[in-house]
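Engineer: Sharing target-v1.txt, compact mmCIF, C-alpha atoms:
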# COMPACT_ATOMS: atom_id res chain seq x y z
CA MET A 1247 57.50 130.74 46.26
CA ARG A 1248 58.92 132.69 43.30
CA ALA A 1249 58.40 129.70 40.98
CA LEU A 1250 54.89 129.28 42.32
CA LEU A 1251 53.99 132.90 41.61
CA ALA A 1252 55.58 132.87 38.17
CA ALA A 1253 53.52 129.87 37.17
CA ALA A 1254 50.33 131.70 38.14
CA SER A 1255 50.49 133.76 34.95
CA VAL A 1256 50.15 130.70 32.72
CA ALA A 1257 46.77 130.68 30.95
CA LEU A 1258 44.58 127.63 30.87
CA SER A 1259 44.08 126.56 27.28
CA ASP A 1260 40.69 126.25 25.63
CA ALA A 1261 42.12 123.90 23.02
CA PRO A 1262 40.45 120.49 22.58
CA SER A 1263 41.53 118.19 25.40
CA PRO A 1264 43.48 114.97 24.91
CA ALA A 1265 42.04 111.75 26.31
CA LEU A 1266 42.15 111.76 30.08
CA ASP A 1267 44.94 109.68 31.60
CA TYR A 1268 42.83 107.63 34.00
CA ALA A 1269 45.75 105.52 35.19
CA ALA A 1270 47.79 108.60 36.12
CA LEU A 1271 44.80 110.21 37.83
CA ALA A 1272 44.16 107.04 39.85
CA ASP A 1273 47.78 106.80 40.95
CA ARG A 1274 47.78 110.45 42.03
CA ILE A 1275 44.57 110.05 44.02
CA VAL A 1276 45.97 107.06 45.89
CA ARG A 1277 49.20 108.95 46.57
CA HIS A 1278 47.19 111.78 48.15
CA ALA A 1279 45.42 109.21 50.34
CA ALA A 1280 48.72 107.98 51.84
CA LEU A 1281 47.03 104.68 52.63
CA GLN A 1282 48.30 102.35 55.31
CA PRO A 1283 48.17 98.61 54.53
CA GLY A 1284 44.78 97.21 55.46
CA GLU A 1285 42.86 100.50 55.35
CA SER A 1286 39.42 100.07 53.76
CA VAL A 1287 38.36 102.23 50.81
CA LEU A 1288 34.96 102.69 49.18
CA LEU A 1289 34.38 104.46 45.85
CA VAL A 1290 31.18 106.44 45.26
CA THR A 1291 30.38 106.80 41.57
CA HIS A 1292 27.84 108.31 39.20
CA PRO A 1293 26.37 106.03 36.51
CA ALA A 1294 27.23 108.35 33.63
CA THR A 1295 30.43 110.07 34.76
CA PHE A 1296 34.08 108.97 34.77
CA ALA A 1297 33.29 105.26 34.66
CA PRO A 1298 36.70 104.44 33.04
CA LEU A 1299 38.47 105.75 36.14
CA VAL A 1300 36.96 103.12 38.44
CA PRO A 1301 39.01 100.02 37.40
CA HIS A 1302 42.23 102.04 37.43
CA LEU A 1303 41.47 103.27 40.94
CA ARG A 1304 40.67 99.80 42.22
CA LEU A 1305 43.93 98.48 40.77
CA ALA A 1306 45.88 101.35 42.37
CA LEU A 1307 44.21 100.59 45.71
CA ALA A 1308 45.23 96.94 45.44
CA ARG A 1309 48.82 97.92 44.75
CA ALA A 1310 48.75 100.15 47.86
CA GLY A 1311 47.67 97.24 50.05
CA ALA A 1312 44.23 98.70 50.78
CA VAL A 1313 41.04 96.74 51.38
CA ASP A 1314 38.92 97.43 48.30
CA LEU A 1315 35.24 97.71 49.29
CA GLY A 1316 34.20 98.24 45.69
CA ALA A 1317 32.19 101.01 44.08
CA LEU A 1318 28.80 102.26 45.26
CA GLN A 1319 26.77 103.94 42.53
CA VAL A 1320 24.54 106.88 43.44
CA LEU A 1321 20.93 106.85 42.33
CA GLU A 1322 20.26 109.30 39.51
CA PRO A 1323 16.47 109.22 39.01
CA PRO A 1324 14.91 109.58 35.56
CA GLU A 1325 14.28 113.14 34.46
CA GLY A 1326 10.96 114.44 35.72
CA THR A 1327 10.81 112.27 38.84
CA PRO A 1328 9.06 114.30 41.59
CA PRO A 1329 11.51 114.99 44.45
CA GLU A 1330 8.95 113.96 47.05
CA ALA A 1331 8.75 110.50 45.46
CA LEU A 1332 12.33 109.79 46.52
CA LYS A 1333 12.62 111.64 49.81
CA ALA A 1334 11.62 108.77 52.10
CA ALA A 1335 13.63 106.24 50.10
CA ARG A 1336 16.74 108.42 50.29
CA GLU A 1337 16.36 108.76 54.05
CA ARG A 1338 16.15 104.97 54.44
CA THR A 1339 19.17 104.53 52.17
CA ARG A 1340 21.14 107.11 54.09
CA ASP A 1341 20.44 105.49 57.45
CA ALA A 1342 21.25 102.00 56.19
CA LEU A 1343 24.54 103.08 54.63
CA ARG A 1344 25.63 104.87 57.77
CA ALA A 1345 25.29 101.59 59.67
CA ARG A 1346 26.90 99.49 56.96
CA PHE A 1347 29.99 101.65 56.37
CA ALA A 1348 30.60 103.07 59.84
CA ASN A 1349 34.12 101.59 59.86
CA VAL A 1350 35.26 102.61 56.37
CA ASP A 1351 38.61 104.46 56.45
CA LEU A 1352 38.47 106.38 53.17
CA VAL A 1353 35.70 107.31 50.76
CA VAL A 1354 36.58 108.51 47.26
CA MET A 1355 33.81 110.63 45.75
CA LEU A 1356 34.10 110.52 41.97
CA PRO A 1357 32.72 113.25 39.69
CA GLY A 1358 28.94 113.32 39.48
CA ALA A 1359 28.29 112.25 43.08
CA GLY A 1360 27.10 115.13 45.24
CA PRO A 1361 25.40 116.14 48.49
CA ALA A 1362 21.92 115.65 47.01
CA HIS A 1363 22.58 111.90 46.70
CA ALA A 1364 21.70 109.79 49.75
CA GLU A 1365 24.86 107.72 49.34
CA TYR A 1366 27.09 110.81 49.37
CA ALA A 1367 25.26 112.37 52.32
CA ALA A 1368 25.41 109.20 54.39
CA LEU A 1369 29.11 108.64 53.92
CA THR A 1370 30.24 112.24 54.43
CA SER A 1371 28.30 112.28 57.71
CA LEU A 1372 30.64 109.53 58.98
CA LEU A 1373 33.84 111.52 58.51
CA GLY A 1374 36.11 112.24 61.45
CA GLU A 1375 38.41 110.44 63.87
CA GLY A 1376 40.75 109.41 61.07
CA ARG A 1377 37.97 108.62 58.57
CA ARG A 1378 38.24 110.90 55.57
CA ALA A 1379 37.13 111.47 52.00
CA ILE A 1380 38.72 112.54 48.75
CA HIS A 1381 36.48 114.17 46.20
CA PHE A 1382 36.74 116.15 43.02
CA HIS A 1383 33.65 117.82 41.61
CA TRP A 1384 34.92 118.39 38.08
CA ARG A 1385 31.40 118.82 36.72
CA GLY A 1386 30.07 120.63 39.79
CA SER A 1387 28.42 119.62 43.04
CA GLY A 1388 24.66 119.82 43.40
CA SER A 1389 23.54 123.24 42.20
CA ALA A 1390 27.06 124.73 42.30
CA ALA A 1391 29.06 124.62 39.07
CA SER A 1392 32.79 124.03 39.39
CA ALA A 1393 33.67 127.00 37.16
CA VAL A 1394 32.34 130.54 36.72
CA ALA A 1395 32.41 132.68 33.58
CA LEU A 1396 33.73 136.20 34.16
CA PRO A 1397 31.77 139.19 32.79
CA GLY A 1398 32.27 139.25 29.03
CA GLY A 1399 33.88 135.80 29.06
CA ALA A 1400 32.67 132.26 28.61
CA LEU A 1401 33.32 128.80 29.96
CA PRO A 1402 35.44 126.46 27.84
CA ALA A 1403 34.03 123.24 26.42
CA PRO A 1404 33.68 120.42 29.00
CA GLU A 1405 36.56 118.51 27.39
CA ALA A 1406 38.87 121.52 27.70
CA MET A 1407 37.81 122.03 31.30
CA ASP A 1408 38.58 118.37 32.07
CA ALA A 1409 42.00 118.76 30.48
CA ALA A 1410 42.69 121.87 32.58
CA TYR A 1411 41.69 120.12 35.78
CA GLN A 1412 43.75 117.05 34.89
CA ARG A 1413 46.80 119.26 34.40
CA ALA A 1414 46.19 120.77 37.82
CA VAL A 1415 45.97 117.32 39.45
CA LEU A 1416 49.05 115.93 37.74
CA ARG A 1417 51.35 118.97 37.52
CA THR A 1418 50.76 121.03 40.66
CA ASP A 1419 53.76 121.35 42.97
CA VAL A 1420 51.77 120.33 46.02
CA THR A 1421 54.70 120.91 48.37
CA ALA A 1422 55.08 124.53 47.24
CA VAL A 1423 51.35 125.19 47.48
CA ALA A 1424 51.18 123.67 50.97
CA ALA A 1425 54.13 125.77 52.18
CA ALA A 1426 52.52 128.98 50.90
CA GLN A 1427 49.23 128.05 52.56
CA GLN A 1428 50.94 127.41 55.89
CA ARG A 1429 52.59 130.84 55.77
CA PHE A 1430 49.25 132.44 54.96
CA GLU A 1431 47.50 130.70 57.85
CA ALA A 1432 50.17 132.00 60.24
CA ALA A 1433 49.73 135.51 58.84
CA LEU A 1434 45.95 135.37 59.29
CA ARG A 1435 46.45 135.07 63.06
CA GLU A 1436 48.50 138.27 63.20
CA GLY A 1437 45.87 140.94 62.64
CA GLU A 1438 43.19 142.43 60.42
CA ILE A 1439 42.48 141.16 56.91
CA ARG A 1440 41.35 143.70 54.30
CA VAL A 1441 39.89 142.86 50.88
CA THR A 1442 39.42 145.55 48.22
CA THR A 1443 38.46 145.55 44.52
CA PRO A 1444 38.38 148.19 41.76
CA LEU A 1445 34.55 148.19 41.87
CA GLY A 1446 34.52 149.33 45.48
CA THR A 1447 34.72 146.29 47.74
CA ASP A 1448 36.33 147.26 51.03
CA LEU A 1449 35.83 144.55 53.64
CA ARG A 1450 37.70 144.04 56.91
CA PHE A 1451 37.67 141.20 59.43
CA ARG A 1452 39.74 139.08 61.82
CA VAL A 1453 39.90 135.32 62.23
CA GLY A 1454 41.22 135.03 65.78
CA ASP A 1455 41.59 131.38 66.69
CA ARG A 1456 39.00 130.14 64.20
CA PRO A 1457 39.99 126.92 62.36
CA VAL A 1458 41.70 127.51 59.01
CA ASN A 1459 41.16 124.80 56.39
CA ARG A 1460 44.07 124.26 53.98
CA GLN A 1461 43.18 122.20 50.91
CA ASP A 1462 46.70 120.98 50.23
CA GLY A 1463 45.86 117.43 49.16
CA ASP A 1464 46.97 115.71 52.37
CA ALA A 1465 44.37 112.96 52.79
CA SER A 1466 46.42 110.82 55.16
CA ARG A 1467 45.00 109.26 58.31
CA ALA A 1468 47.51 111.26 60.37
CA ARG A 1469 46.28 114.56 58.92
CA ALA A 1470 42.64 113.57 59.41
CA ARG A 1471 43.30 112.90 63.09
CA GLN A 1472 44.32 116.56 63.43
CA GLY A 1473 41.04 117.81 61.99
CA ARG A 1474 38.96 120.36 63.90
CA ILE A 1475 36.04 120.96 61.53
CA HIS A 1476 34.06 118.89 59.05
CA ILE A 1477 35.85 120.05 55.92
CA ASP A 1478 39.22 119.08 57.39
CA TYR A 1479 38.21 115.48 56.65
CA ASP A 1480 37.01 116.26 53.10
CA VAL A 1481 40.05 116.62 50.84
CA GLU A 1482 39.67 118.18 47.41
CA ILE A 1483 41.49 117.13 44.25
CA PRO A 1484 42.85 119.35 42.69
CA VAL A 1485 44.33 121.26 45.61
CA GLY A 1486 44.63 124.94 46.22
CA VAL A 1487 42.33 126.91 48.54
CA VAL A 1488 42.56 128.24 52.10
CA ARG A 1489 39.16 128.70 53.79
CA VAL A 1490 38.15 130.35 57.06
CA ALA A 1491 35.01 131.67 58.74
CA PRO A 1492 36.01 135.04 60.24
CA LEU A 1493 34.82 136.10 63.68
CA GLU A 1494 31.36 137.32 62.74
CA GLU A 1495 31.43 140.43 64.93
CA THR A 1496 34.61 141.68 63.19
CA VAL A 1497 33.25 141.65 59.62
CA SER A 1498 32.48 145.18 58.41
CA GLY A 1499 32.56 147.15 55.17
CA THR A 1500 31.23 146.68 51.66
CA ILE A 1501 31.20 144.02 48.96
CA ALA A 1502 30.74 145.49 45.46
CA PHE A 1503 29.68 142.91 42.87
CA PRO A 1504 30.29 142.68 39.13
CA PRO A 1505 27.17 141.80 37.09
CA SER A 1506 25.61 138.84 38.89
CA THR A 1507 22.51 136.70 39.08
CA TRP A 1508 20.21 136.59 42.11
CA ASN A 1509 16.96 134.69 42.37
CA GLY A 1510 17.40 133.83 38.68
CA GLN A 1511 17.50 137.49 37.64
CA PRO A 1512 20.38 139.71 36.41
CA VAL A 1513 21.63 142.33 38.88
CA GLU A 1514 23.89 145.30 38.10
CA GLY A 1515 25.89 147.50 40.45
CA LEU A 1516 25.10 145.56 43.60
CA ARG A 1517 26.66 146.68 46.89
CA LEU A 1518 26.14 144.92 50.22
CA ALA A 1519 27.13 146.80 53.38
CA PHE A 1520 28.09 144.77 56.48
CA GLU A 1521 28.22 145.53 60.17
CA LYS A 1522 29.23 142.85 62.67
CA GLY A 1523 28.94 140.18 59.98
CA ARG A 1524 25.39 141.06 58.91
CA VAL A 1525 24.08 142.74 55.76
CA VAL A 1526 22.70 146.11 56.85
CA SER A 1527 21.96 147.61 53.43
CA VAL A 1528 21.42 146.47 49.85
CA THR A 1529 21.82 148.87 46.93
CA ALA A 1530 21.94 148.16 43.20
CA ALA A 1531 21.72 149.99 39.89
CA SER A 1532 19.17 147.38 38.81
CA GLY A 1533 17.78 144.13 40.17
CA ARG A 1534 17.70 145.02 43.86
CA GLU A 1535 14.32 143.30 44.20
CA ALA A 1536 15.85 140.00 43.05
CA VAL A 1537 18.56 140.24 45.72
CA GLU A 1538 16.01 140.95 48.44
CA ALA A 1539 13.85 138.07 47.20
CA GLU A 1540 16.73 135.58 47.35
CA MET A 1541 17.71 136.75 50.81
CA ALA A 1542 14.12 136.51 52.04
CA ARG A 1543 13.90 132.96 50.72
CA GLY A 1544 17.26 132.09 52.31
CA GLY A 1545 16.32 133.35 55.76
CA GLU A 1546 18.66 134.92 58.30
CA ALA A 1547 21.69 133.01 57.01
CA ALA A 1548 21.39 134.76 53.63
CA ARG A 1549 22.22 138.08 55.32
CA ALA A 1550 25.26 136.71 57.14
CA PHE A 1551 28.89 136.60 56.01
CA ARG A 1552 29.96 132.97 55.62
CA GLU A 1553 33.63 132.68 54.73
CA PHE A 1554 36.76 134.12 53.19
CA ALA A 1555 38.73 131.89 50.82
CA LEU A 1556 41.92 132.46 48.84
CA GLY A 1557 43.27 130.26 46.06
CA PHE A 1558 46.94 129.27 45.83
CA ASN A 1559 47.19 126.85 42.90
CA PRO A 1560 49.03 128.40 39.92
CA GLU A 1561 47.76 125.65 37.61
CA LEU A 1562 44.19 126.87 38.24
CA ALA A 1563 44.89 130.60 37.87
CA VAL A 1564 42.42 132.73 35.92
CA PRO A 1565 43.42 132.58 32.21
CA ALA A 1566 45.22 135.52 30.65
CA ASP A 1567 42.08 136.40 28.67
CA ARG A 1568 40.14 136.56 31.96
CA SER A 1569 37.30 134.50 30.52
CA TRP A 1570 36.57 132.17 33.47
CA ILE A 1571 37.43 131.17 37.02
CA PRO A 1572 38.44 127.49 37.23
CA TYR A 1573 37.53 125.03 39.95
CA TYR A 1574 35.69 126.95 42.68
CA GLY A 1575 38.32 129.69 42.84
CA TYR A 1576 41.20 127.41 43.87
CA GLY A 1577 43.52 129.22 41.46
CA ALA A 1578 46.30 131.51 42.69
CA GLY A 1579 44.95 134.95 43.62
CA VAL A 1580 41.21 134.21 43.37
CA VAL A 1581 39.14 135.41 46.34
CA ARG A 1582 35.81 134.00 47.52
CA LEU A 1583 33.56 136.06 49.80
CA SER A 1584 30.57 133.90 50.69
CA LEU A 1585 27.24 134.30 52.44
CA GLY A 1586 25.31 131.82 54.56
CA ASP A 1587 25.73 128.90 56.94
CA ASN A 1588 29.33 128.37 58.04
CA GLY A 1589 28.94 125.55 60.54
CA GLU A 1590 31.22 123.22 58.54
CA LEU A 1591 33.93 125.90 58.88
CA GLY A 1592 33.58 126.33 62.63
CA GLY A 1593 31.56 129.54 62.40
CA ALA A 1594 28.42 130.61 64.26
CA VAL A 1595 25.99 131.12 61.34
CA ARG A 1596 23.32 128.48 60.86
CA GLY A 1597 20.70 128.05 58.15
CA ALA A 1598 19.92 126.30 54.89
CA TYR A 1599 21.47 128.95 52.64
CA PHE A 1600 24.92 129.53 51.18
CA ARG A 1601 26.18 131.52 48.22
CA TRP A 1602 29.71 131.64 46.81
CA ASN A 1603 30.84 134.97 45.34
CA PHE A 1604 34.10 134.97 43.36
CA PHE A 1605 36.46 137.91 42.73
CA ALA A 1606 39.32 137.71 40.24
CA ASP A 1607 40.64 141.26 40.74
CA ALA A 1608 40.86 141.60 44.51
CA THR A 1609 43.70 142.95 46.62
CA VAL A 1610 44.25 141.27 49.99
CA THR A 1611 46.34 142.63 52.82
CA VAL A 1612 46.91 140.84 56.12
CA ALA A 1613 48.23 142.76 59.10
CA GLY A 1614 49.42 145.41 56.65
CA ARG A 1615 51.27 143.00 54.33
CA ARG A 1616 49.99 142.48 50.79
CA TRP A 1617 49.31 138.90 49.70
CA VAL A 1618 47.24 139.54 46.57
CA GLU A 1619 47.29 142.54 44.24
CA ASP A 1620 44.64 142.94 41.54
CA GLY A 1621 44.02 139.20 41.46
CA ARG A 1622 47.69 138.19 41.40
CA LEU A 1623 49.27 136.27 44.25
CA THR A 1624 52.16 138.42 45.53
CA ALA A 1625 52.79 136.75 48.87
CA PRO A 1626 55.57 138.30 50.97
Turn the structure described in the file into structure tokens.

Structural biologist:
Amino acid sequence: MRALLAAASVALSDAPSPALDYAALADRIVRHAALQPGESVLLVTHPATFAPLVPHLRLALARAGAVDLGALQVLEPPEGTPPEALKAARERTRDALRARFANVDLVVMLPGAGPAHAEYAALTSLLGEGRRAIHFHWRGSGSAASAVALPGGALPAPEAMDAAYQRAVLRTDVTAVAAAQQRFEAALREGEIRVTTPLGTDLRFRVGDRPVNRQDGDASRARARQGRIHIDYDVEIPVGVVRVAPLEETVSGTIAFPPSTWNGQPVEGLRLAFEKGRVVSVTAASGREAVEAEMARGGEAARAFREFALGFNPELAVPADRSWIPYYGYGAGVVRLSLGDNGELGGAVRGAYFRWNFFADATVTVAGRRWVEDGRLTAP
């Protein structure tokens, strides 16, 4: 654990990235899959993203004794195509693919493929009972970018971001991360969780017996058979986050936001107050109308607490210059307090809305023991 925490202080470089090592990435992905001889694997690719990785992956699959089902390319329509022009076609594609690939063992979702694509949606809907997926959204997934600039900071160039993510895939001590995550899951069952920030966040909740998802890179059939919720079958590369939907009735307190964007508009000094998992008041120094507009558009789910997540990967820690949050907050000490539908996490909130909110300076205590202090993982 000490080595894991020490590594969390290492900054991610913004220097120009070297060429990606596709062969090494492919080998690591297949290692995470822990394939049994004869298991069938399908790749889902994007026409303009990470094409050089595909032949390396297929070769690695062959070496592992897997049945290579080839690569299925998602449809990326020409710019300006009306969404309604493709809706019916995507539904037909989705239904046909569900029937065709019902017995696939593993799906590997390469960068660029996302939930908006019929191919992606069809195959992820088949997960469970030992069937699983590996995906890594290096360039984002749908409308959600994979990285967030902190106030006053900026995102690195795409090449530097790729290099940072590659380092996380190839260098992370997965065993150490997994052990820390297991200890944290056990602690979550012991009592109340409290999250505070310098801006004034003070949120409390309990998780009870809710499922806890540990993204530790274990994409084996054996692990998938232990899954309880949808995301247990969807394994992220790189690894790092623990996710849970708290018991809704236990969520109370305040989330205080840094400068943020709601409904496409800047918002300053936003504070959301919660009682029994619901937003009961919205205050802001400026932009309150934009927050209310987004919540109105999002329906009841937009006023509900979705999930708590904590990152454990030291290779994805926030850089020393505090310019950006890498890969969806999977870095050591990063907290995510989300709003919206939490069905995939085993929660009770339903709707078509979700919003991820990241905090790089939070303090987290669990049953009175401090796990994060000012954005630094300090696990007991």

Engineer: Expressed in Å to a single decimal, how great is the separation between atom CA of A:Ile1477 and atom CA of A:His1292?

Structural biologist: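 Computing the Euclidean distance for atom CA of A:Ile1477 and atom CA of A:His1292 yields 21.9 Å.
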
Engineer: Between A:Arg1469, A:Arg1616, A:Arg1450, A:Arg1417, which one has atoms that come closest to A:Asn1559, using all atoms listed in the file?

Structural biologist: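 Checking each candidate against A:Asn1559, we get A:Arg1417 as the closest.
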
Engineer: List the neighbours of A:Ile1501 out to 7 Å using only C-alpha atoms; skip same-chain residues closer than 5 positions along the sequence, and give me the result as a VMD selection string.

Structural biologist: chain A and resid 1447 to 1449 1517 to 1519

Engineer: Select, from A:Ile1475, A:Ala1530, A:Met1407, A:Ala1594, the residue with the minimum atom-to-atom distance to A:Ser1392, counting all atoms listed in the file.

Structural biologist: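 Residue with the minimum atom-to-atom distance to A:Ser1392: A:Met1407.
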
Engineer: What's the 8 Å shell around stretch 1489-1497 of chain A, counting all atoms listed in the file, without same-chain residues fewer than 3 positions away, as a list in words?

Structural biologist: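 The residues satisfying every condition are Leu1449, Arg1450, Phe1451, Arg1452, Val1453, Gly1454, Arg1456, Pro1457, Val1458, Asn1459, Arg1460, Phe1520, Glu1521, Lys1522, Gly1523, Arg1524, Phe1551, Arg1552, Glu1553, Phe1554, Ala1555, Leu1556, Asn1588, Leu1591, Gly1592, Gly1593 and Ala1594 of chain A.
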
Engineer: Counting all atoms listed in the file, figure out which residue out of A:Glu1330, A:Glu1535, A:Asp1341, A:Asp1464 gets nearest to A:Arg1277.

Structural biologist: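 Nearest to A:Arg1277: A:Asp1464.
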
Engineer: Which residue, A:Gln1428, A:Gln1319, A:Thr1327, A:Thr1442, has the smallest gap to A:Asp1620 when you use only C-alpha atoms?

Structural biologist: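 Going through A:Gln1428, A:Gln1319, A:Thr1327, A:Thr1442 one by one, the smallest distance to A:Asp1620 is for A:Thr1442.
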
Engineer: Produce the centre coordinates and the three edge lengths, each in Å to one decimal, of the box along x, y and z that contains all listed atoms of stretch 1539-1542 of chain A with 4 Å added on each side, as lines of an AutoDock Vina configuration file.

Structural biologist:
center_x = 15.8
center_y = 136.8
center_z = 49.6
size_x = 11.9
size_y = 10.5
size_z = 12.8

Engineer: With only C-alpha atoms as the counted atoms, please give the residues lying no more than 7 Å from stretch 1372-1375 of chain A, apart from itself and same-chain residues fewer than 2 positions off, as a VMD selection string.

Structural biologist: chain A and resid 1344 1348 1368 to 1370 1377 to 1378 1470 to 1471 1479

Engineer: Using all atoms listed in the file for the distances, tell me which of A:Asn1349, A:Thr1443, A:Ser1466, A:Gln1282 is nearest to A:Thr1609.

Structural biologist: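 Residue with the minimum atom-to-atom distance to A:Thr1609: A:Thr1443.
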
Engineer: As a PDB file with C-alpha atoms, keeping the file's coordinate frame, please: the residues near A:Tyr1268 (cut-off 12 Å, all atoms listed in the file, same-chain neighbours under 4 positions excluded).

Structural biologist:
ATOM      1  CA  PRO A1264      43.480 114.970  24.910  1.00  0.00           C
ATOM      2  CA  ALA A1272      44.160 107.040  39.850  1.00  0.00           C
ATOM      3  CA  ASP A1273      47.780 106.800  40.950  1.00  0.00           C
ATOM      4  CA  ARG A1274      47.780 110.450  42.030  1.00  0.00           C
ATOM      5  CA  ILE A1275      44.570 110.050  44.020  1.00  0.00           C
ATOM      6  CA  PHE A1296      34.080 108.970  34.770  1.00  0.00           C
ATOM      7  CA  ALA A1297      33.290 105.260  34.660  1.00  0.00           C
ATOM      8  CA  PRO A1298      36.700 104.440  33.040  1.00  0.00           C
ATOM      9  CA  LEU A1299      38.470 105.750  36.140  1.00  0.00           C
ATOM     10  CA  VAL A1300      36.960 103.120  38.440  1.00  0.00           C
ATOM     11  CA  PRO A1301      39.010 100.020  37.400  1.00  0.00           C
ATOM     12  CA  HIS A1302      42.230 102.040  37.430  1.00  0.00           C
ATOM     13  CA  LEU A1303      41.470 103.270  40.940  1.00  0.00           C
ATOM     14  CA  ARG A1304      40.670  99.800  42.220  1.00  0.00           C
ATOM     15  CA  LEU A1305      43.930  98.480  40.770  1.00  0.00           C
ATOM     16  CA  ALA A1306      45.880 101.350  42.370  1.00  0.00           C
ATOM     17  CA  ASP A1408      38.580 118.370  32.070  1.00  0.00           C
ATOM     18  CA  ALA A1409      42.000 118.760  30.480  1.00  0.00           C
ATOM     19  CA  GLN A1412      43.750 117.050  34.890  1.00  0.00           C
ATOM     20  CA  VAL A1415      45.970 117.320  39.450  1.00  0.00           C
ATOM     21  CA  LEU A1416      49.050 115.930  37.740  1.00  0.00           C
TER      22      LEU A1416
END

Engineer: Work out how far apart atom CA of A:Val1612 and atom CA of A:Asp1567 are and give it in Å to one decimal.

Structural biologist: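 Result for atom CA of A:Val1612 versus atom CA of A:Asp1567: 28.2 Å, one decimal.
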
Engineer: So how far away is atom CA of A:Val1320 from atom CA of A:Thr1339, in Å?

Structural biologist: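 We find that atom CA of A:Thr1339 and atom CA of A:Val1320 lie 10.5 Å from each other.
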
Engineer: Could you please give me, as a ChimeraX atom specification, the residues of protein, DNA or RNA lying at most 12 Å from (40.0, 123.1, 34.0) in the coordinate frame of the file, considering all atoms listed in the file?

Structural biologist: /A:1257-1263,1382-1386,1392-1394,1401-1415,1483-1484,1561-1565,1570-1577

Engineer: For A:Ala1335, please output as a PyMOL selection string all residues within 12 Å (counting all atoms listed in the file; exclusion window: fewer than 6 positions along the same chain).

Structural biologist: chain A and resi 1321+1323+1329+1341-1342+1363-1365

Engineer: Which is closer to A:Asp1607 than all the others in A:Gly1510, A:Pro1504, A:Pro1444, A:Gly1360, using all atoms listed in the file?

Structural biologist: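 Ranked by minimum distance to A:Asp1607, first place goes to A:Pro1444.
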